[in-house]
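For reference, upload28.tsv (TSV, C-alpha atoms):
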```
chain	number	residue	atom	x	y	z
G	1	MET	CA	133.85	71.40	98.04
G	2	ILE	CA	135.99	73.80	96.00
G	3	ARG	CA	136.08	77.23	97.59
G	4	PRO	CA	135.27	80.24	95.38
G	5	SER	CA	138.80	81.60	95.77
G	6	GLN	CA	140.27	78.26	94.68
G	7	ARG	CA	137.96	78.19	91.68
G	8	LEU	CA	139.04	81.70	90.65
G	9	TRP	CA	142.71	80.75	91.03
G	10	SER	CA	142.17	77.66	88.85
G	11	LEU	CA	140.41	79.70	86.17
G	12	LEU	CA	143.24	82.23	86.11
G	13	LEU	CA	145.73	79.39	85.63
G	14	GLU	CA	143.71	78.28	82.60
G	15	ILE	CA	144.22	81.63	80.87
G	16	SER	CA	147.72	82.38	82.18
G	17	THR	CA	150.75	80.70	83.74
G	18	ARG	CA	151.63	80.56	87.40
G	19	GLU	CA	154.82	82.52	86.70
G	20	ASP	CA	152.98	85.30	84.87
G	21	LEU	CA	150.40	85.52	87.65
G	22	GLU	CA	153.14	85.84	90.25
G	23	ILE	CA	154.72	88.67	88.26
G	24	ASP	CA	151.39	90.46	87.72
G	25	LEU	CA	150.29	90.12	91.34
G	26	ALA	CA	153.68	91.32	92.58
G	27	ASP	CA	152.88	94.68	90.99
G	28	ASP	CA	149.92	95.09	93.33
G	29	PRO	CA	151.01	96.94	96.51
G	30	ASP	CA	148.55	95.17	98.81
G	31	PHE	CA	149.46	91.72	97.53
G	32	ARG	CA	153.15	92.52	97.75
G	33	ASN	CA	152.87	93.33	101.47
G	34	MET	CA	151.17	90.03	102.33
G	35	ARG	CA	153.12	87.03	103.61
G	36	GLY	CA	152.84	83.31	102.82
G	37	GLY	CA	152.57	81.14	99.73
G	38	ILE	CA	151.12	82.71	96.62
G	39	GLU	CA	147.83	80.80	96.75
G	40	SER	CA	147.29	81.66	100.41
G	41	ARG	CA	148.10	85.30	99.75
G	42	PHE	CA	145.76	85.24	96.76
G	43	VAL	CA	142.84	84.20	99.00
G	44	GLU	CA	143.60	86.93	101.52
G	45	TRP	CA	144.04	89.47	98.72
G	46	ILE	CA	140.70	88.58	97.13
G	47	TYR	CA	138.70	89.10	100.29
G	48	THR	CA	140.64	92.19	101.35
G	49	MET	CA	140.05	93.85	97.99
G	50	ARG	CA	136.44	92.70	97.94
G	51	GLU	CA	135.84	94.25	101.36
G	52	GLN	CA	137.15	97.54	99.96
G	53	ARG	CA	135.00	97.18	96.82
G	54	ALA	CA	138.26	97.29	94.83
G	55	LEU	CA	138.60	93.71	93.56
G	56	VAL	CA	137.27	94.36	90.06
G	57	ASP	CA	139.50	97.39	89.68
G	58	ARG	CA	142.57	95.40	90.75
G	59	LEU	CA	141.71	92.55	88.37
G	60	ARG	CA	141.55	95.08	85.54
G	61	LYS	CA	145.05	96.23	86.42
G	62	ILE	CA	146.70	92.80	86.55
G	63	LEU	CA	144.86	91.25	83.58
G	64	ARG	CA	144.50	92.32	79.95
G	65	PRO	CA	141.08	93.39	78.58
G	66	SER	CA	141.00	90.26	76.40
G	67	ASP	CA	141.51	88.13	79.54
G	68	ALA	CA	138.17	89.30	80.91
G	69	ARG	CA	136.18	87.61	78.13
G	70	ARG	CA	138.35	84.48	78.29
G	71	LEU	CA	137.85	84.29	82.05
G	72	ALA	CA	134.10	84.74	81.66
G	73	ASN	CA	134.02	81.91	79.11
G	74	LYS	CA	135.92	79.63	81.46
G	75	ALA	CA	133.52	80.50	84.30
G	76	GLY	CA	130.55	79.46	82.19
G	77	VAL	CA	129.07	82.91	81.56
G	78	SER	CA	126.81	82.82	78.50
G	79	ARG	CA	127.49	84.92	75.40
G	80	GLU	CA	124.14	86.64	75.87
G	81	ALA	CA	125.10	87.74	79.38
G	82	MET	CA	128.47	89.05	78.13
G	83	GLU	CA	126.96	91.04	75.27
G	84	GLY	CA	127.96	94.70	75.39
G	85	LEU	CA	129.89	94.49	78.67
G	86	ASP	CA	133.29	96.10	79.21
G	87	PRO	CA	136.04	94.25	81.14
G	88	ALA	CA	134.78	95.58	84.48
G	89	GLY	CA	131.29	94.28	83.78
G	90	LEU	CA	132.70	90.90	82.76
G	91	PHE	CA	134.76	90.62	85.95
G	92	HIS	CA	131.63	91.42	87.97
G	93	LEU	CA	129.79	88.58	86.21
G	94	VAL	CA	132.62	86.14	86.86
G	95	LEU	CA	132.72	86.96	90.57
G	96	GLU	CA	128.94	86.64	90.83
G	97	ARG	CA	129.11	83.30	89.03
G	98	LEU	CA	131.71	82.06	91.52
G	99	GLY	CA	129.70	83.22	94.52
G	100	ILE	CA	132.00	86.05	95.62
G	101	PRO	CA	130.39	89.11	94.03
G	102	GLU	CA	132.03	92.43	94.69
G	103	PRO	CA	129.66	94.53	96.81
G	104	ARG	CA	127.72	96.96	94.67
G	105	PRO	CA	124.97	99.35	95.72
G	106	ALA	CA	121.50	98.65	94.45
G	107	GLY	CA	120.25	100.77	91.60
G	108	GLY	CA	118.51	104.01	92.31
G	109	LEU	CA	114.80	103.96	93.03
G	110	PHE	CA	112.53	106.34	91.14
G	111	ASP	CA	110.14	107.07	93.98
G	112	GLY	CA	108.69	110.38	92.77
G	113	VAL	CA	110.24	112.47	95.54
G	114	GLU	CA	112.48	114.32	93.08
G	115	GLN	CA	109.45	115.54	91.10
G	116	LEU	CA	107.74	116.81	94.25
G	117	GLN	CA	110.86	118.65	95.36
G	118	ALA	CA	111.26	120.17	91.88
G	119	LEU	CA	107.73	121.57	92.08
G	120	ARG	CA	108.39	122.94	95.56
G	121	ASP	CA	111.54	124.69	94.33
G	122	ALA	CA	109.71	126.10	91.30
G	123	MET	CA	106.92	127.37	93.53
G	124	ASN	CA	109.47	129.05	95.81
G	125	SER	CA	110.86	130.84	92.76
G	126	TRP	CA	107.37	131.83	91.66
G	127	MET	CA	106.56	133.18	95.12
G	128	ALA	CA	109.76	135.23	94.93
G	129	GLY	CA	108.47	136.91	91.78
G	130	GLU	CA	110.37	134.94	89.15
G	131	GLU	CA	108.69	133.92	85.93
G	132	VAL	CA	108.64	130.12	85.99
G	133	GLU	CA	106.38	127.42	84.62
G	134	PRO	CA	105.74	125.06	87.53
G	135	PRO	CA	106.19	121.37	86.57
G	136	ILE	CA	102.65	120.39	87.58
G	137	ASP	CA	102.26	117.27	85.46
G	138	PRO	CA	105.63	115.71	86.48
G	139	ALA	CA	104.73	116.38	90.12
G	140	ARG	CA	101.37	114.66	89.66
G	141	ARG	CA	103.08	111.61	88.18
G	142	GLY	CA	105.70	111.70	90.92
G	143	THR	CA	103.07	111.78	93.64
G	144	GLU	CA	101.25	108.84	92.08
G	145	ARG	CA	104.55	106.92	91.90
G	146	LEU	CA	105.36	107.61	95.55
G	147	LEU	CA	101.97	106.38	96.78
G	148	LYS	CA	102.00	103.31	94.52
G	149	LEU	CA	105.48	102.46	95.82
G	150	ILE	CA	104.28	102.52	99.43
G	151	VAL	CA	101.12	100.54	98.67
G	152	ARG	CA	103.00	97.95	96.60
G	153	PHE	CA	105.58	97.51	99.35
G	154	LEU	CA	102.83	96.81	101.88
G	155	TRP	CA	101.19	94.36	99.47
G	156	ASP	CA	104.39	92.40	98.81
G	157	SER	CA	105.61	92.46	102.41
G	158	GLY	CA	102.73	90.45	103.85
G	159	GLN	CA	99.89	92.97	104.14
G	160	ALA	CA	98.00	91.97	100.97
G	161	ASP	CA	95.19	90.35	102.95
G	162	ILE	CA	94.23	93.59	104.70
G	163	LEU	CA	94.53	95.65	101.51
G	164	ARG	CA	92.44	93.08	99.66
G	165	ASP	CA	89.72	93.05	102.31
G	166	VAL	CA	89.62	96.85	102.46
G	167	ALA	CA	89.22	97.13	98.70
G	168	GLN	CA	86.76	94.30	98.16
G	169	GLN	CA	84.58	94.84	101.22
G	170	GLY	CA	84.81	98.62	101.39
G	171	LEU	CA	86.17	98.62	104.93
G	172	GLN	CA	86.93	101.79	106.89
G	173	GLY	CA	85.08	104.01	104.41
G	174	PHE	CA	86.99	102.93	101.31
G	175	SER	CA	84.84	102.65	98.17
G	176	PRO	CA	84.70	98.95	97.27
G	177	ARG	CA	85.98	97.86	93.86
G	178	GLU	CA	86.72	94.81	91.78
G	179	ILE	CA	90.33	93.67	92.18
G	180	ASP	CA	92.59	90.89	90.95
G	181	GLN	CA	94.50	88.68	93.35
G	182	ASN	CA	98.04	89.45	92.15
G	183	GLY	CA	97.98	93.19	92.84
G	184	ARG	CA	97.83	94.54	89.30
G	185	TRP	CA	94.82	96.63	90.31
G	186	LEU	CA	97.13	98.78	92.41
G	187	ASP	CA	98.65	100.23	89.22
G	188	GLY	CA	95.34	101.91	88.40
G	189	LEU	CA	95.12	103.96	91.60
G	190	ASP	CA	95.40	107.73	91.42
G	191	ILE	CA	96.61	110.03	94.20
G	192	GLY	CA	93.28	110.30	95.98
G	193	SER	CA	92.33	106.60	95.85
G	194	SER	CA	95.84	105.58	96.95
G	195	SER	CA	95.68	107.87	99.96
G	196	TYR	CA	92.17	106.67	100.89
G	197	LEU	CA	93.36	103.07	100.59
G	198	LEU	CA	96.40	103.70	102.80
G	199	ARG	CA	94.30	105.44	105.45
G	200	ALA	CA	91.71	102.67	105.43
G	201	PHE	CA	94.50	100.09	105.61
G	202	GLU	CA	95.97	101.81	108.66
G	203	LEU	CA	92.62	101.93	110.48
G	204	GLU	CA	91.89	98.28	109.67
G	205	ARG	CA	95.40	97.25	110.72
G	206	GLN	CA	94.85	98.89	114.09
G	207	GLU	CA	91.52	97.11	114.56
G	208	ARG	CA	93.16	93.77	113.80
G	209	GLU	CA	96.12	94.66	116.03
G	210	ARG	CA	98.47	93.72	113.20
G	211	PRO	CA	102.02	94.92	113.94
G	212	LEU	CA	104.34	96.32	111.28
G	213	PRO	CA	107.89	95.56	112.47
G	214	PHE	CA	109.49	98.27	110.35
G	215	LEU	CA	107.16	101.02	111.54
G	216	MET	CA	109.16	103.93	112.93
G	217	HIS	CA	106.00	105.85	113.79
G	218	GLU	CA	102.76	104.80	115.39
G	219	GLU	CA	100.88	104.84	112.07
G	220	VAL	CA	101.96	104.12	108.53
G	221	TRP	CA	99.46	106.66	107.14
G	222	THR	CA	98.22	109.23	109.62
G	223	ALA	CA	95.13	111.40	109.30
G	224	LYS	CA	97.42	114.41	108.84
G	225	THR	CA	99.31	112.68	106.02
G	226	HIS	CA	96.00	111.71	104.39
G	227	ARG	CA	94.69	115.29	104.51
G	228	ARG	CA	97.88	116.71	103.04
G	229	PHE	CA	97.93	114.32	100.10
G	230	LEU	CA	94.26	114.94	99.34
G	231	ALA	CA	94.94	118.67	99.40
G	232	LEU	CA	97.86	118.17	97.02
G	233	ALA	CA	95.73	116.07	94.67
G	234	ASP	CA	93.05	118.80	94.57
G	235	ALA	CA	95.64	121.51	94.01
G	236	LEU	CA	97.36	119.67	91.17
G	237	ASN	CA	94.09	118.67	89.51
G	238	ALA	CA	92.88	122.29	89.51
G	239	ASP	CA	95.14	122.94	86.50
G	240	VAL	CA	93.12	120.41	84.53
G	241	HIS	CA	89.64	120.35	86.05
G	242	ASP	CA	89.02	123.85	87.40
G	243	ARG	CA	90.46	126.60	85.23
G	244	SER	CA	87.81	128.98	86.58
G	245	ILE	CA	90.02	129.56	89.63
G	246	PRO	CA	92.31	132.57	89.03
G	247	GLU	CA	95.88	131.51	88.25
G	248	ARG	CA	97.41	133.20	91.28
G	249	GLN	CA	94.94	131.48	93.59
G	250	ARG	CA	95.69	128.11	91.97
G	251	ARG	CA	99.43	128.63	92.28
G	252	GLU	CA	99.16	129.65	95.94
G	253	ARG	CA	97.15	126.51	96.69
G	254	GLN	CA	99.72	124.39	94.86
G	255	GLU	CA	102.63	126.04	96.64
G	256	LYS	CA	101.11	125.40	100.07
G	257	ALA	CA	100.05	121.83	99.26
G	258	VAL	CA	103.40	120.69	97.85
G	259	ARG	CA	105.27	122.44	100.68
G	260	MET	CA	103.21	120.59	103.29
G	261	VAL	CA	103.82	117.20	101.63
G	262	CYS	CA	107.54	117.87	101.25
G	263	GLU	CA	107.66	118.66	104.96
G	264	LEU	CA	106.39	115.14	105.66
G	265	ILE	CA	109.19	113.75	103.49
G	266	ASP	CA	111.91	115.97	104.96
G	267	ASP	CA	110.82	115.15	108.52
G	268	GLY	CA	110.91	111.40	107.85
G	269	GLU	CA	107.20	110.95	108.51
G	270	LEU	CA	106.62	108.82	105.41
G	271	ALA	CA	107.69	105.18	105.22
G	272	ILE	CA	109.46	105.34	101.85
G	273	PRO	CA	111.28	102.11	100.88
G	274	ARG	CA	114.97	102.12	99.98
G	275	THR	CA	116.96	99.74	97.82
G	276	VAL	CA	119.77	97.43	98.88
G	277	ARG	CA	121.94	94.72	97.32
G	278	PHE	CA	123.25	92.17	99.80
G	279	PHE	CA	126.74	90.73	99.67
G	280	ARG	CA	127.26	88.96	103.00
G	281	ARG	CA	125.29	86.70	105.34
G	282	TYR	CA	126.94	85.56	108.54
G	283	GLN	CA	125.97	83.61	111.61
G	284	ASP	CA	126.15	85.18	115.04
G	285	GLY	CA	125.28	82.49	117.56
G	286	PRO	CA	121.71	81.35	116.86
G	287	VAL	CA	120.87	84.23	114.47
G	288	TYR	CA	121.96	85.51	111.07
G	289	HIS	CA	122.86	89.02	109.97
G	290	LEU	CA	123.13	90.53	106.49
G	291	GLU	CA	125.27	93.27	105.01
G	292	GLY	CA	124.47	95.15	101.85
G	293	TYR	CA	125.07	98.36	99.97
G	294	SER	CA	122.50	101.05	99.38
G	295	LEU	CA	122.65	104.57	98.01
G	296	GLY	CA	122.67	107.07	100.84
G	297	PRO	CA	120.81	110.41	100.86
G	298	ASP	CA	123.85	112.01	99.19
G	299	GLY	CA	123.81	109.44	96.38
G	300	LYS	CA	126.99	107.73	97.61
G	301	PRO	CA	127.22	103.98	98.39
G	302	GLU	CA	126.45	103.21	102.02
G	303	CYS	CA	127.09	99.88	103.73
G	304	LEU	CA	124.14	98.76	105.86
G	305	GLN	CA	123.82	95.99	108.41
G	306	PHE	CA	120.62	94.02	108.84
G	307	PHE	CA	120.44	92.32	112.23
G	308	GLU	CA	118.63	89.05	113.04
G	309	VAL	CA	117.23	88.52	109.55
G	310	GLU	CA	115.05	85.54	108.71
G	311	GLY	CA	114.80	84.03	105.24
G	312	GLU	CA	117.06	83.64	102.22
G	313	PHE	CA	117.78	86.43	99.73
G	314	ASP	CA	119.30	86.32	96.25
G	315	PHE	CA	122.49	88.35	96.37
G	316	ARG	CA	122.31	88.87	92.59
G	317	CYS	CA	119.07	90.85	92.88
G	318	ASP	CA	118.23	94.28	94.23
G	319	HIS	CA	115.75	94.45	97.08
G	320	MET	CA	113.57	97.08	98.72
G	321	PHE	CA	113.36	97.43	102.46
G	322	LEU	CA	111.93	99.37	105.34
G	323	ALA	CA	113.41	99.08	108.83
G	324	ALA	CA	112.70	100.34	112.32
G	325	THR	CA	116.18	101.87	112.55
G	326	ASN	CA	118.62	103.45	110.11
G	327	PRO	CA	121.32	103.21	108.89
G	328	SER	CA	121.67	99.77	110.48
G	329	ALA	CA	118.45	97.87	110.06
G	330	VAL	CA	116.53	96.17	112.87
G	331	ASN	CA	113.14	94.53	112.30
G	332	ALA	CA	113.48	95.03	108.57
G	333	SER	CA	110.86	94.06	106.02
G	334	ILE	CA	112.61	93.08	102.78
G	335	ILE	CA	111.12	92.30	99.37
G	336	GLU	CA	112.50	91.91	95.85
G	337	LEU	CA	112.65	95.16	93.95
G	338	VAL	CA	109.65	95.67	91.66
G	339	PRO	CA	111.18	96.44	88.22
G	340	SER	CA	108.66	99.17	87.37
G	341	PHE	CA	110.04	101.35	90.16
G	342	MET	CA	113.42	101.36	88.42
G	343	GLU	CA	111.84	103.18	85.46
G	344	PRO	CA	111.94	107.00	85.41
G	345	VAL	CA	108.73	108.75	86.42
```

Kindly present the structure from the file in structure tokens form.
Amino acid sequence: MIRPSQRLWSLLLEISTREDLEIDLADDPDFRNMRGGIESRFVEWIYTMREQRALVDRLRKILRPSDARRLANKAGVSREAMEGLDPAGLFHLVLERLGIPEPRPAGGLFDGVEQLQALRDAMNSWMAGEEVEPPIDPARRGTERLLKLIVRFLWDSGQADILRDVAQQGLQGFSPREIDQNGRWLDGLDIGSSSYLLRAFELERQERERPLPFLMHEEVWTAKTHRRFLALADALNADVHDRSIPERQRRERQEKAVRMVCELIDDGELAIPRTVRFFRRYQDGPVYHLEGYSLGPDGKPECLQFFEVEGEFDFRCDHMFLAATNPSAVNASIIELVPSFMEPV
């Protein structure tokens, strides 16, 4: 078996000479400080730079921009995949093709939280006497997105049977409805029906004594959470369905409702999935662990460890996860990222 590092070295020799590579690599300070033959140092250099998420940047420095496309061709990357990519993007594709992708954080998740926080901030300004137009409609869409994200995660992470039974049989007070088997019906839920479904799911889960490994709280959707989201739905809908309520009274209701929901988010009481892209799987005795990059609360890449993970995951794809602990993940539930949640609200 040809190791990925050997394959990359062979490809570089197809677009350059050994002498030129030695000269180019000698300009790199980290490579220059390593000891041993050039091929051995090259292997160490690759994995050292990859660990620092600097390999692509170093390849850009030692190779010409035209070399990136030539290298991609040699690695078997299709023209369609190369279309519109700069040298950095091409180097990323080559490394992924060879099985040594440089760690990259997963893309950001549009979970609707930003829209809720924007409404809260606008309401704070309004309460302070400023003339503002509260972003009611974006907040409504954001709330729907947040609830659909949570429901979809439960559906895809092994809880579809309970959700299906609740919806079809009208369990735990949920109004029964016709559904499809692949989950497309979830896209039609509004704020109120999503919250009722989540509360009914939680009650039914408790009756069946079904554990949720990632659950950091005793319930995934508490009665308090349910009440607050119903209050928010009523407050937001008042702008459309009940204009008879004086504006100040409507705004005060909306301010209180969005503040109470944002408190749930700020206090970590909602199980909101995060994204991750894995780059390493390693054996530790009888178990396997994973490492991957996610975007932290500050928007910066954060390396996460996932302990004692079962199953295989495509390192080329972004995933969503919930875990019992953070930042390192224990008892994590991991699913492939649903593309629609990558679209702006």

Non-local contacts of Asp161 of chain G (12 Å; only C-alpha atoms; under 4 positions in same chain excluded) as a list in words: Leu154, Trp155, Asp156, Ser157, Asp165, Val166, Ala167, Gln168, Gln169, Gln181, Asn182, Gly183, Phe201, Glu204, Arg205, Arg208 and Arg210 of chain G

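Comparing the minimum interatomic distances between Leu25 of chain G and each of G:Glu269, G:Glu291, G:Glu39, G:Asp234, counting all atoms listed in the file, we find that G:Glu39 sits nearest.
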
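From atom CA of Arg274 of chain G back to atom CA of Phe306 of chain G, the distance works out to 13.3 Å.
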
Near-Pro134 of chain G list (7 Å; all atoms listed in the file; drop same-chain fewer than 2 positions) as a PyMOL selection string: chain G and resi 119+122-123+132+136

Any idea what's packed within 8 Å of segment 333-338 of chain G, counting only C-alpha atoms, ignoring anything in its chain fewer than 3 positions away? Could you give it as an NGL selection string? :G and (153 or 156-157 or 213-214 or 275 or 317-323 or 341-342)

What lies within 8 Å of segment 52-60 of chain G using all atoms listed in the file, ignoring chain neighbours under 4 positions off, as a PyMOL selection string? chain G and resi 28+46+48+64-65+87-88+91-92+102-104

Hey, which of G:Leu212, G:Ile179, G:Ile191, G:Leu95 ends up closest to Thr143 of chain G? Count only C-alpha atoms. G:Ile191

Counting all atoms listed in the file, which residues of segment 57-159 of chain G sit at most 7 Å from some atom of segment 253-266 of chain G, and what is each one's closest atom pair with its distance in Å to one decimal, listed by chain and rising residue number, as a tab-separated table?
```
residue	atom	partner	partner_atom	distance
G:Leu116	CA	G:Val258	CA	6.8
G:Gln117	CA	G:Cys262	CA	6.8
G:Arg120	CA	G:Val258	CA	5.9
G:Met123	CA	G:Glu255	CA	5.5
```

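Residue nearest Trp45 of chain G within the list G:Arg32, G:Arg228, G:Arg250, G:Arg145: G:Arg32 [criterion: smallest interatomic distance, only C-alpha atoms].
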
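For the pair atom CA of Tyr196 of chain G and atom CA of Gln249 of chain G, the separation is 26.0 Å.
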
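Using only C-alpha atoms, the protein and nucleic acid residues lying no more than 12 Å from Ser10 of chain G, apart from those fewer than 5 places from it along its own chain, are Ile2, Arg3, Pro4, Ser5, Ile15, Ser16, Thr17, Arg18, Leu21, Glu39, Phe42, Leu71, Lys74, Ala75 and Leu98 of chain G.
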
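Here the question is which of G:Leu163, G:Leu109, G:Val220, G:Ala72 gets nearest to Leu93 of chain G using all atoms listed in the file, and that residue is G:Ala72.
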
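Atom pair atom CA of Ser328 of chain G / atom CA of Gln206 of chain G: separated by 27.1 Å.
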
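Proximity ranking of G:Arg7, G:Lys300, G:Lys224, G:Arg140 relative to Asp239 of chain G places G:Arg140 first, based on all atoms listed in the file.
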
Segment 153-166 of chain G from the block above: N, CA, C and O atoms written as an mmCIF file, in the first residue's frame:
```
data_model
loop_
_atom_site.group_PDB
_atom_site.id
_atom_site.type_symbol
_atom_site.label_atom_id
_atom_site.label_comp_id
_atom_site.auth_asym_id
_atom_site.auth_seq_id
_atom_site.Cartn_x
_atom_site.Cartn_y
_atom_site.Cartn_z
ATOM 1 N N PHE G 153 -32.918 17.096 13.627
ATOM 2 C CA PHE G 153 -31.803 16.376 14.238
ATOM 3 C C PHE G 153 -32.320 15.142 14.974
ATOM 4 O O PHE G 153 -31.738 14.058 14.863
ATOM 5 N N LEU G 154 -33.392 15.290 15.725
ATOM 6 C CA LEU G 154 -33.959 14.137 16.430
ATOM 7 C C LEU G 154 -34.399 13.064 15.446
ATOM 8 O O LEU G 154 -34.152 11.869 15.648
ATOM 9 N N TRP G 155 -35.025 13.489 14.350
ATOM 10 C CA TRP G 155 -35.507 12.537 13.336
ATOM 11 C C TRP G 155 -34.352 11.745 12.744
ATOM 12 O O TRP G 155 -34.404 10.514 12.650
ATOM 13 N N ASP G 156 -33.286 12.435 12.362
ATOM 14 C CA ASP G 156 -32.163 11.780 11.682
ATOM 15 C C ASP G 156 -31.240 11.035 12.635
ATOM 16 O O ASP G 156 -30.420 10.226 12.187
ATOM 17 N N SER G 157 -31.336 11.300 13.922
ATOM 18 C CA SER G 157 -30.410 10.671 14.878
ATOM 19 C C SER G 157 -31.033 9.469 15.591
ATOM 20 O O SER G 157 -30.558 9.072 16.657
ATOM 21 N N GLY G 158 -32.098 8.919 15.009
ATOM 22 C CA GLY G 158 -32.632 7.673 15.542
ATOM 23 C C GLY G 158 -33.929 7.782 16.319
ATOM 24 O O GLY G 158 -34.375 6.790 16.918
ATOM 25 N N GLN G 159 -34.546 8.968 16.309
ATOM 26 C CA GLN G 159 -35.784 9.156 17.066
ATOM 27 C C GLN G 159 -37.000 9.286 16.151
ATOM 28 O O GLN G 159 -38.077 9.697 16.611
ATOM 29 N N ALA G 160 -36.847 8.926 14.875
ATOM 30 C CA ALA G 160 -37.944 9.101 13.923
ATOM 31 C C ALA G 160 -39.165 8.262 14.301
ATOM 32 O O ALA G 160 -40.306 8.671 14.040
ATOM 33 N N ASP G 161 -38.942 7.106 14.909
ATOM 34 C CA ASP G 161 -40.082 6.244 15.235
ATOM 35 C C ASP G 161 -41.020 6.899 16.240
ATOM 36 O O ASP G 161 -42.251 6.848 16.095
ATOM 37 N N ILE G 162 -40.454 7.549 17.256
ATOM 38 C CA ILE G 162 -41.301 8.217 18.244
ATOM 39 C C ILE G 162 -42.009 9.416 17.612
ATOM 40 O O ILE G 162 -43.211 9.617 17.807
ATOM 41 N N LEU G 163 -41.263 10.227 16.852
ATOM 42 C CA LEU G 163 -41.876 11.391 16.207
ATOM 43 C C LEU G 163 -42.987 10.956 15.258
ATOM 44 O O LEU G 163 -44.050 11.579 15.192
ATOM 45 N N ARG G 164 -42.755 9.862 14.549
ATOM 46 C CA ARG G 164 -43.758 9.362 13.606
ATOM 47 C C ARG G 164 -45.016 8.896 14.346
ATOM 48 O O ARG G 164 -46.148 9.206 13.953
ATOM 49 N N ASP G 165 -44.823 8.165 15.416
ATOM 50 C CA ASP G 165 -45.969 7.679 16.190
ATOM 51 C C ASP G 165 -46.754 8.834 16.802
ATOM 52 O O ASP G 165 -47.994 8.824 16.816
ATOM 53 N N VAL G 166 -46.034 9.814 17.328
ATOM 54 C CA VAL G 166 -46.703 10.976 17.933
ATOM 55 C C VAL G 166 -47.569 11.680 16.906
ATOM 56 O O VAL G 166 -48.729 12.034 17.174
#
```
